[in-house]
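Q: One structure is given below, represented as structure tokens, and several questions about it will come after.
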Amino acid sequence: MNLPLLLALVTFFGWGTGDLFTIIASRKIGATLTTFWVFFFSSSLSLLLIPFAPHDLSLITLPLLIFNIFLGILYVSGNVLISEAFRISSAPLVGIIIQAFPAVVLVLSALIFRDIITITQALFIIIIFLGVFLCSVDFEKVRKAEKIIDKGVLLAIIAMVFLSFYFTFSRILINSFGWFLPNFIATVCFPIIFLFMKKRKEKFYMPKEIKILFATFMVGLLIRSGDFALNYGLSLPNASSLVAPIAGAAPILFVIMSYLIFKDKLTRQQVFGIVTTLMGILLLTSVGQGN
């Protein structure tokens, strides 16, 4: 097996299965505590990679560091919202809404950095947004003049926006001091979670159940492995055309596995919205690498 394919598969399985453990932990110990331990393990694993990952601390200026911390707060906060959404709503539904963030990143990049969006890309972005809309808005409740958006879905949308801003503006940091340090600095901002705990009057503790602690460790291991594998794969010559499409297919694995494992209920409209969003994500990923 060649290296780019191996890295693509690590990202595919890491991203496709990591949040399954997030769901298990958050439904047992809550969103904030789950996110804390996930980021604790993620930061610890990232520390082990410092000797091997390309980085130069001298390139970090004070303004860039402050900007990186600000983006880190968005990143961590978004993950708290994701855990809470998984805790209270349908896992496949929440998962696919979050995975729509690349479409928002493309739109923001076009508006802020003047990136060019082709007509084909614009069409696939519209498909993704249509799918998210179908996932989010319950037409039956609209007809009955009831609350039309589930709380978990709303949290997932807000989290998706947070992640979109994080990944859009991370370009500035990556261009300044490489791909490793921006993500590492953002990850170690996780003590901000204590503010969420204070606001909710939640107590901090280490989970007594080994399986819950193991679940948070697996999230950190799988998601972080996927991140690093993708970044490394994209840095290799002529590898992005193989790595990115396979990594972009990870939402399919997550949706299938989460539905089979957790058996959360979905309406026909939501199923159609999930399929539509998945189709848009896959098409956007493939055409993005073809241009």
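Order determines the names: the first chain of the structure tokens is A, the second B, and so forth; residues in each chain are numbered 1 upward, and ligands are numbered 1 upward as they are shown.
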If you run DSSP on the backbone here, which positions in region 169-204 of chain A get alpha helix (DSSP H)? Please write them as number ranges by chain.
A: A: 169-177, 180-187, 193-200
Q: Considering only C-alpha atoms, tabulate each residue of region 65-182 of chain A that lies at most 8 Å from region 247-259 of chain A along with its nearest interatomic pair and the corresponding distance in Å to one decimal; arrange the rows by chain and ascending residue number and present them as CSV.
A:
residue,atom,partner,partner_atom,distance
A:Ala91,CA,A:Ser258,CA,6.1
A:Pro92,CA,A:Val255,CA,4.8
A:Gly95,CA,A:Val255,CA,7.0
A:Ile96,CA,A:Pro251,CA,6.7
A:Gln99,CA,A:Pro251,CA,6.7
Q: With region 191-198 of chain A as the partner and 12 Å as the cut-off, tabulate the residues of region 7-57 of chain A that qualify, each row holding the nearest pair of atoms and their distance in Å to one decimal, using only C-alpha atoms, sorted by chain and rising number, as JSON lines.
A:
{"residue": "A:Gly30", "atom": "CA", "partner": "A:Met197", "partner_atom": "CA", "distance": 10.4}
{"residue": "A:Ala31", "atom": "CA", "partner": "A:Met197", "partner_atom": "CA", "distance": 9.7}
{"residue": "A:Thr32", "atom": "CA", "partner": "A:Ile193", "partner_atom": "CA", "distance": 6.6}
{"residue": "A:Leu33", "atom": "CA", "partner": "A:Met197", "partner_atom": "CA", "distance": 8.0}
{"residue": "A:Thr34", "atom": "CA", "partner": "A:Ile193", "partner_atom": "CA", "distance": 10.2}
{"residue": "A:Thr35", "atom": "CA", "partner": "A:Ile193", "partner_atom": "CA", "distance": 7.8}
{"residue": "A:Phe36", "atom": "CA", "partner": "A:Ile193", "partner_atom": "CA", "distance": 6.4}
{"residue": "A:Trp37", "atom": "CA", "partner": "A:Ile193", "partner_atom": "CA", "distance": 10.2}
{"residue": "A:Val38", "atom": "CA", "partner": "A:Ile193", "partner_atom": "CA", "distance": 11.3}
{"residue": "A:Phe39", "atom": "CA", "partner": "A:Pro191", "partner_atom": "CA", "distance": 9.0}
{"residue": "A:Phe40", "atom": "CA", "partner": "A:Pro191", "partner_atom": "CA", "distance": 9.0}
{"residue": "A:Ser43", "atom": "CA", "partner": "A:Pro191", "partner_atom": "CA", "distance": 11.2}
Q: Of the residues A:Thr276, A:Cys189, A:Ser83, A:Thr168, which is the one nearest to Ala110 (chain A), using only C-alpha atoms?
A: A:Thr168
Q: Please report the interatomic distance between CA of Ala186 (chain A) and CA of Ser241 (chain A) in Å with one decimal.
A: 27.4 Å
Q: Which is closest to Leu282 (chain A) among A:Ser44, A:Ile246, A:Ile88, A:Val76, if we use only C-alpha atoms?
A: A:Ile246
Q: Considering only C-alpha atoms, can you say which of A:Asn175, A:Phe169, A:Thr187, A:Met218 comes closest to Phe113 (chain A)?
A: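 Answer, going by the shortest atom-to-atom distance: A:Phe169.
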Q: Using only C-alpha atoms, determine which residues lie at most 12 Å from Ile223 (chain A), disregarding the query and same-chain residues fewer than 3 positions distant; provide the list as a PyMOL selection string.
A: chain A and resi 10-22+38-39+41-43+45-46+187+216-220+226-230+247+250
Q: Which residues are near Phe101 (chain A)? Cut-off 8 Å, only C-alpha atoms, ignore same chain within fewer than 4 positions. Put them as a list in words.
A: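 In the requested form, the answer reads Ile97, Val105, Met160, Val161, Leu163 and Ser164 of chain A.
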Q: Let me make sure I understand: among A:Leu81, A:Leu71, A:Leu9, A:Ile24, which one has the smallest atom-to-atom distance to Leu213 (chain A) if we use only C-alpha atoms?
A: A:Ile24
Q: Just give me the gap between CA of Thr285 (chain A) and CA of Pro102 (chain A) in Å, one decimal is fine.
A: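 Computing it gives 8.6 Å between the two atoms.
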Q: One number please: CA of Leu236 (chain A) to CA of Leu3 (chain A), in Å, one decimal.
A: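 Computing the Euclidean distance for CA of Leu236 (chain A) and CA of Leu3 (chain A) yields 9.4 Å.
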Q: Hey, what's within 9 Å of Gly152 (chain A) if we count only C-alpha atoms and toss same-chain stuff fewer than 4 positions away? As a list in words, please?
A: Leu81, Ile82, Glu84, Ala85, Phe86, Arg87, Ile88, Ser89, Ser90, Val94, Ala156 and Ile157 of chain A
Q: So that I can check the surroundings of Ile158 (chain A), please list as a list in words every protein, DNA and RNA residue that reaches within 8 Å of it, counting only C-alpha atoms and ignoring chain neighbours fewer than 4 positions away.
A: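 Listing them by chain and then by number gives Gly78, Leu81, Leu154 and Phe162 of chain A.
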Q: Go ahead and write the residues just picked, C-alpha atoms, as an mmCIF file, in the first residue's frame.
A:
data_model
loop_
_atom_site.group_PDB
_atom_site.id
_atom_site.type_symbol
_atom_site.label_atom_id
_atom_site.label_comp_id
_atom_site.auth_asym_id
_atom_site.auth_seq_id
_atom_site.Cartn_x
_atom_site.Cartn_y
_atom_site.Cartn_z
ATOM 1 C CA GLY A 78 -17.682 24.611 18.615
ATOM 2 C CA LEU A 81 -21.669 22.528 21.103
ATOM 3 C CA LEU A 154 -29.564 24.469 16.133
ATOM 4 C CA PHE A 162 -17.708 28.213 14.413
#
